[in-house]
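For reference, the structure is listed below as structure tokens.
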Amino acid sequence: MRLGSGAFAASCVAIEVLGVAIFLRGFFPAPVRSSSRTEHRAEPPAPEPAAGARSNWTKLPPPLFNKVVIVLIDALRDDFVFGSKGVKYMPYTSYLVEKGASHSFVAEAKPPTVTMPRIKALMTGSLPGFVDVIRNLNSPALLEDSVIRQAKAAGKRVIFYGDETWVKLFPKHFVEYDGTTSFFVSDYTEVDDNVTRHLDTVLKRGDWDMLILHYLGLDHIGHISGPNSPLIGRKLSEMDSILMKIHTSLLSKERETLSPSLLVLCGDHGMSETGSHGASSTEEVSTPLILISSSFERRPGDIRHPKRVQQTDLAATLAIGLGLPIPKDSVGSLLFPVVEGKPVRDQLRFLHLNTVQLSKLLQENMPSYEKDPGFEQFKMAERLHGNWVKLHLEENRSDVLLSLGTKVLRQYLGALKTLSLSLSTQVAQYDIYSMAVGTVVVLEVLTLLLLSTPQALRRGADLEVPLWSPVFSLLFYLVFLVLSAIHVIVCTSATSSCYLCSLPWLVAGGLMVLVSALLCAIVSTLTRTVIESTLLRKNAALPSSRWSEMDLLLMLGTAGHVLSLGASSFVEEEHQTWYFLVNTLCLALSQEACRSCFPGDDSKPQHSVHMLQDSAVYRAPILHRAGHTSPSSEALGGHARWAILASPWLVLACCRLLRSLNQTGVQGAHRPDLGLWLTSSDHKVELSGLAALSLLVIFLLVQRGCSLVSRAALALGLLGVFCYRAAIGNVLFPWQPGDKGFSK
């Protein structure tokens with residue numbers, strides 16, 4: 001089978017896309033979802049278990065709180081509240097944490113630590129995946145069950161002010177809202193003022209049940225100047241005063257209604273030491289979660305250290321607090337300190353509802369759920385709970401009832417923890433089989449492309465795959481049989497579902513044929529390459545090899561760079577790989593230039609120096625490659641020869657200057673560099689001169705061969721660039737005083 005260069009390239013791209021798609025299908029695991037559709041009518045709550053007795057607790061418990069206010073501060077790290085910055089800049093919040101009626105937690109946010117997946121985790125209790133990073137740019141409506149959906153279904157009035165992501169996720173769920181955009185990162189003042197301006201009015205009203213405020217200013221400051229900026233302290237003080245205003249208003253309302261309210265302070269994600277977020281560092285995943293209510297009892301001298309919980313636990317806690325069903329897809333568990341002051345029967349009822357919801361979710365997503373330790377603990381706790389209810393209804397007030405109640409509580413809490421962990425682990429389970437098949441397909445195509453590069457990328461070239469040869473036909477059938485056997489073994493013994501196993505056998509067989517054919521093509525191409533190389537070495541009249549040292553360097557450098565992207569640390573410091581590769585390439589070009597300019601008696605012209613073809617000084621080597629006589633060292637003038645020799649070293653010098661111009665990467669972004677020195681306010685004159693010189697050089701390089709009109713347009717365009725930079729204050733005109741701004 002013969003393929004032209006165009007058909008070969010198109011086939012490689014198509015198969016590569018197929019391999020990547022199969023890999024991504026395995027890399028993004030199927031989420032844990034309830035099979036019951038959210039638009040159907042809500043299911044009745046599980047009744048209270050009773051061993052041989054009849055309980056009248058068959059409905060949802062009444063709400064614990066009259067109103068709930070959620071203050072979500074974007075990129076709020078735990079040490080911003082519980083650390084030294086919290087003590088200094090948030091004194092009111094620190095007082096509530098240390099001595100007030102509150103419960104404090106450090107909520108762990110699972111990666112990816114970006115806003116939209118974290119909002120989903122807070123409101124649904126589910127664990128979003130990395131595919132939600134893409135959806136974060138344009139958030140679609142959330143179709144999963146959530147606390148806000150349940151609140152609307154129960155007739156509760158929800159008001160929202162803040163990041164417009166909420167409005168996109170929950171359209172038509174808020175009776176009143178005002179969304180602010182998050183894309184103007186340089187704005188950290190008005191974006192929060194647009195939220196706070198509604199507070200005085202809405203706090204005086206009583207026509208709402210749930211108020212959500214999402215402040216973006218702290219996140220914007222982090223992106224601009226990092227977590228150690230002086231602006232962080234001012235923003236934290238602003239948030240502290242807002243929290244004090246809300247808390248005092250809720251306390252005054254409670255005196256009138258005699259019903260407790262709940263104030264929640266939380267963050268969607270943290271902030272790295274460079275001010276960014278999205279990864280899984282401790283600073284990015286650790287967020288504060290503070291629940292404040294007058295119903296929480298706290299004795300004098302009661303010191304409570306923040307406990308580590310999961311961010312998904314808030315959804316179940318809010319649902320219980322508002323008297324709502326727990327979202328069906330929630331993998332979180334109730335924060336027990338919230339209900340710790342309630343009667344034992346109420347505590348057991350809350351824990352039972354949570355464990356029933358988690359056990360149903362486990363049954364719908366894990367085939368062997370009966371063997372799960374959490375499910376076994378739940379069944380044991382439910383039996384003990386029924387015995388306790390029977391004793392309670394018999395009005396037995398002995399110590400047996402008290403000790404049994406304590407035992408049931410411990411059993412429920414252990415079951416909750418184990419069930420939540422099992423479901424979270426289920427979300428993180430990857431389809432290894434699909435990932436392996438996709439990786440094999442991608443690597444096969446890449447190997448075939450690299451082996452076929454010398455002849456397949458030339459004009460009019462073709463590739464021959466001798467699958468009809470007896471040897472390769474036998475290899476093809478053997479590989480196909482082995483792969484089919486592996487597929488059968490995996491699909492019949494896998495405990496978790498694999499995507500490839502769910503495909504029809506005809507489609508899976510076609511994929512096995514493709515993998516086998518690619519392997520045979522690689523073997524045939526490699527065999528032909530080895531045979532031709534052997535013949536070329538025997539024939540002294542022909543070149544010694546189709547691959548030069550420069551070809552090998554480029555191929556190995558490309559392959560090494562691709563392999564380095566498999567580790568997150570190499571991705572974060574990818575510039576170091578590029579520095580090494582560029583420097584190595586320049587040194588290799590310098591060696592080839594020396595060989596070309598100073599050939600020995602038995603040396604042959606090197607073709608790698610012809611990579612530098614943009615200058616007229618390389619016309620002689622180009623002509624030689626086209627078939628003309630080899631240029632001798634005398635054919636190249638002194639100027640041209642020294643230009644060839646100096647070019648790689650000039651590129652090396654420029655690369656070294658670029659390294660000092662901008663320090664980048666996680667490890668070196670904080671180091672001083674030339675770019676930081678130039679952009680400081682004390683060196684505007686130097687930056688202005690450098691910018692003017694750079695624009696002048698661009699004009700001199702581009703204007704050659706242009707008409708007069710094109711030169712005039714180019715000059716005006718470059719002048720406009722400088723004027724724009726002067727208008728926004730980056731550079732100065734020569735006649736402009738340093739302390740006076742230029743008119744925009």
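In the structure tokens, each chain is lettered A, B, ... as it comes, each chain's residues begin at 1, and ligands are numbered from 1 in order of appearance.
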
**Request:** Mind the document's chain letters and residue numbers, and return as a ChimeraX atom specification the residues of stretch 137-354 of chain A that DSSP labels strand (DSSP E).
**Result:** /A:158-163,176-180,210-215,262-266,286-292,307-310

**Prompt:** What are the DSSP alpha helix (DSSP H) residues of stretch 73-306 of chain A, as an NGL selection string?
**Reply:** :A and (79-82 or 84-89 or 91-98 or 115-124 or 132-135 or 147-153 or 165-169 or 190-196 or 199-204 or 217-225 or 230-257 or 282-285)

Keeping only C-alpha atoms, write the selected residues as a compact mmCIF listing (two decimals), in the first residue's frame.
```txt
# COMPACT_ATOMS: atom_id res chain seq x y z
CA ASP A 79 -4.06 31.72 56.70
CA PHE A 80 -5.70 35.01 55.67
CA VAL A 81 -8.25 34.34 58.45
CA PHE A 82 -6.61 31.94 60.90
CA SER A 84 -1.29 36.49 61.48
CA LYS A 85 -2.99 38.45 58.69
CA GLY A 86 -6.38 37.53 60.11
CA VAL A 87 -5.45 38.78 63.56
CA LYS A 88 -4.10 42.03 62.13
CA TYR A 89 -6.60 42.86 59.40
CA PRO A 91 -10.11 41.52 64.18
CA TYR A 92 -13.90 41.05 64.30
CA THR A 93 -13.74 37.75 62.43
CA SER A 94 -10.85 36.59 64.62
CA TYR A 95 -12.89 37.40 67.74
CA LEU A 96 -15.81 35.33 66.43
CA VAL A 97 -13.47 32.43 65.65
CA GLU A 98 -11.76 32.48 69.04
CA THR A 115 -14.20 29.37 40.46
CA MET A 116 -16.92 27.53 38.55
CA PRO A 117 -16.05 23.96 39.69
CA ARG A 118 -15.72 25.19 43.26
CA ILE A 119 -19.18 26.81 43.19
CA LYS A 120 -20.56 23.51 41.93
CA ALA A 121 -18.84 21.67 44.77
CA LEU A 122 -20.19 24.09 47.39
CA MET A 123 -23.80 24.00 46.17
CA THR A 124 -24.14 20.42 44.87
CA ASP A 132 -14.87 22.02 34.14
CA VAL A 133 -11.77 24.21 33.73
CA ILE A 134 -12.86 24.78 30.12
CA ARG A 135 -16.47 25.37 31.14
CA VAL A 147 -29.09 23.44 47.46
CA ILE A 148 -30.31 26.41 45.42
CA ARG A 149 -32.55 24.18 43.27
CA GLN A 150 -34.01 22.58 46.40
CA ALA A 151 -34.51 26.00 48.00
CA LYS A 152 -36.43 27.26 44.98
CA ALA A 153 -38.54 24.09 44.90
CA THR A 165 -20.92 32.86 37.18
CA TRP A 166 -23.69 32.14 39.69
CA VAL A 167 -26.29 33.74 37.43
CA LYS A 168 -25.16 31.54 34.52
CA LEU A 169 -25.11 28.37 36.65
CA GLU A 190 -15.69 48.67 41.98
CA VAL A 191 -16.20 44.94 41.53
CA ASP A 192 -16.75 44.68 45.31
CA ASP A 193 -18.49 48.03 45.73
CA ASN A 194 -21.16 46.83 43.29
CA VAL A 195 -21.91 44.04 45.77
CA THR A 196 -21.73 46.04 48.99
CA LEU A 199 -26.32 45.45 51.62
CA ASP A 200 -27.98 48.28 53.56
CA THR A 201 -31.22 47.87 51.63
CA VAL A 202 -31.46 44.10 51.60
CA LEU A 203 -30.51 43.67 55.27
CA LYS A 204 -33.37 45.93 56.34
CA GLY A 217 -11.59 41.86 44.72
CA LEU A 218 -9.19 39.69 46.75
CA ASP A 219 -8.73 37.30 43.83
CA HIS A 220 -7.98 40.18 41.47
CA ILE A 221 -5.37 41.60 43.85
CA GLY A 222 -3.71 38.19 43.99
CA HIS A 223 -3.51 37.99 40.21
CA ILE A 224 -2.08 41.50 40.00
CA SER A 225 0.49 41.58 42.79
CA PRO A 230 -0.07 45.67 50.78
CA LEU A 231 -3.45 45.71 49.02
CA ILE A 232 -4.29 42.33 50.58
CA GLY A 233 -4.42 43.79 54.08
CA ARG A 234 -6.73 46.63 53.03
CA LYS A 235 -9.06 44.24 51.24
CA LEU A 236 -9.20 41.90 54.25
CA SER A 237 -10.08 44.85 56.49
CA GLU A 238 -12.86 45.79 54.08
CA MET A 239 -14.23 42.24 54.16
CA ASP A 240 -14.05 42.22 57.97
CA SER A 241 -16.15 45.38 58.22
CA ILE A 242 -18.71 43.90 55.81
CA LEU A 243 -18.91 40.71 57.88
CA MET A 244 -19.43 42.77 61.05
CA LYS A 245 -22.25 44.75 59.38
CA ILE A 246 -24.03 41.56 58.30
CA HIS A 247 -23.60 39.84 61.66
CA THR A 248 -24.87 42.75 63.73
CA SER A 249 -27.87 43.12 61.41
CA LEU A 250 -28.73 39.43 61.73
CA LEU A 251 -28.46 39.62 65.53
CA SER A 252 -30.85 42.58 65.64
CA LYS A 253 -33.35 40.70 63.46
CA GLU A 254 -33.10 37.65 65.72
CA ARG A 255 -34.21 39.73 68.70
CA GLU A 256 -37.42 40.49 66.82
CA THR A 257 -38.15 37.05 65.33
CA THR A 282 -1.55 23.57 49.92
CA GLU A 283 -2.11 27.30 49.58
CA GLU A 284 -4.55 26.78 46.71
CA VAL A 285 -6.69 24.01 48.21
```

**Request:** With a distance cut-off of 12 Å and only C-alpha atoms, select the neighbouring residues of A:His683, excluding the residue or stretch itself and same-chain residues fewer than 4 positions from it, and output the selection as a PyMOL selection string.
**Result:** chain A and resi 674-679+687-690+730-732+738

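Around A:Leu265, within 7 Å and counting only C-alpha atoms, the residues found are Ile70, Val71, Leu72, Leu289, Ile290 and Leu291 of chain A, once anything fewer than 6 positions away on its own chain is removed.
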
Write the selection just made, keeping C-alpha atoms, as a PDB file, in the first residue's frame?
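Saved result, result_16.pdb, follows:
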```
ATOM      1  CA  ILE A  70     -23.260  33.122  52.546  1.00  0.00           C
ATOM      2  CA  VAL A  71     -20.282  35.455  52.127  1.00  0.00           C
ATOM      3  CA  LEU A  72     -17.927  33.895  49.591  1.00  0.00           C
ATOM      4  CA  LEU A 289     -15.091  27.824  56.409  1.00  0.00           C
ATOM      5  CA  ILE A 290     -16.673  29.658  59.361  1.00  0.00           C
ATOM      6  CA  LEU A 291     -20.267  29.037  60.467  1.00  0.00           C
TER       7      LEU A 291
END
```

**Request:** Go through A:Glu164, A:Arg537, A:Gly206, A:Ser182 one by one, measure the shortest atom-to-atom distance of each to A:Asn66 using only C-alpha atoms, and give the residue with the smallest value.
**Result:** A:Gly206

**Item:** Distance query A:Thr577 at most 10 Å, only C-alpha atoms, self and fewer than 3 positions along chain excluded, as a ChimeraX atom specification
**Value:** /A:557,560-561,564,570-571,573-574,580-582

Go ahead and save the residues from that selection, with N, CA and C atoms, as a PDB file, in the first residue's frame.
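The file below, again.pdb, is the result:
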```
ATOM      1  N   GLY A 557      15.747  16.223  20.424  1.00  0.00           N
ATOM      2  CA  GLY A 557      15.290  17.369  21.212  1.00  0.00           C
ATOM      3  C   GLY A 557      13.779  17.466  21.237  1.00  0.00           C
ATOM      4  N   GLY A 560      12.484  14.582  23.380  1.00  0.00           N
ATOM      5  CA  GLY A 560      12.741  14.854  24.799  1.00  0.00           C
ATOM      6  C   GLY A 560      11.810  15.901  25.372  1.00  0.00           C
ATOM      7  N   HIS A 561      11.522  16.921  24.565  1.00  0.00           N
ATOM      8  CA  HIS A 561      10.603  17.958  25.040  1.00  0.00           C
ATOM      9  C   HIS A 561       9.202  17.404  25.229  1.00  0.00           C
ATOM     10  N   SER A 564       9.105  15.431  28.390  1.00  0.00           N
ATOM     11  CA  SER A 564       9.186  16.269  29.595  1.00  0.00           C
ATOM     12  C   SER A 564       7.825  16.820  29.997  1.00  0.00           C
ATOM     13  N   PHE A 570       8.055  19.744  35.173  1.00  0.00           N
ATOM     14  CA  PHE A 570       8.671  20.153  33.916  1.00  0.00           C
ATOM     15  C   PHE A 570       7.760  21.108  33.146  1.00  0.00           C
ATOM     16  N   VAL A 571       6.450  20.946  33.290  1.00  0.00           N
ATOM     17  CA  VAL A 571       5.536  21.879  32.637  1.00  0.00           C
ATOM     18  C   VAL A 571       5.666  23.262  33.259  1.00  0.00           C
ATOM     19  N   GLU A 573       8.235  24.500  34.690  1.00  0.00           N
ATOM     20  CA  GLU A 573       9.547  25.062  34.369  1.00  0.00           C
ATOM     21  C   GLU A 573       9.928  24.734  32.925  1.00  0.00           C
ATOM     22  N   GLU A 574       8.965  24.804  32.011  1.00  0.00           N
ATOM     23  CA  GLU A 574       9.214  24.424  30.623  1.00  0.00           C
ATOM     24  C   GLU A 574      10.258  25.319  29.967  1.00  0.00           C
ATOM     25  N   PHE A 580      17.805  25.107  27.366  1.00  0.00           N
ATOM     26  CA  PHE A 580      18.806  24.086  27.094  1.00  0.00           C
ATOM     27  C   PHE A 580      18.810  23.703  25.610  1.00  0.00           C
ATOM     28  N   LEU A 581      17.617  23.496  25.038  1.00  0.00           N
ATOM     29  CA  LEU A 581      17.544  23.075  23.642  1.00  0.00           C
ATOM     30  C   LEU A 581      18.062  24.150  22.693  1.00  0.00           C
ATOM     31  N   VAL A 582      17.708  25.405  22.943  1.00  0.00           N
ATOM     32  CA  VAL A 582      18.165  26.485  22.061  1.00  0.00           C
ATOM     33  C   VAL A 582      19.676  26.658  22.150  1.00  0.00           C
TER      34      VAL A 582
END
```
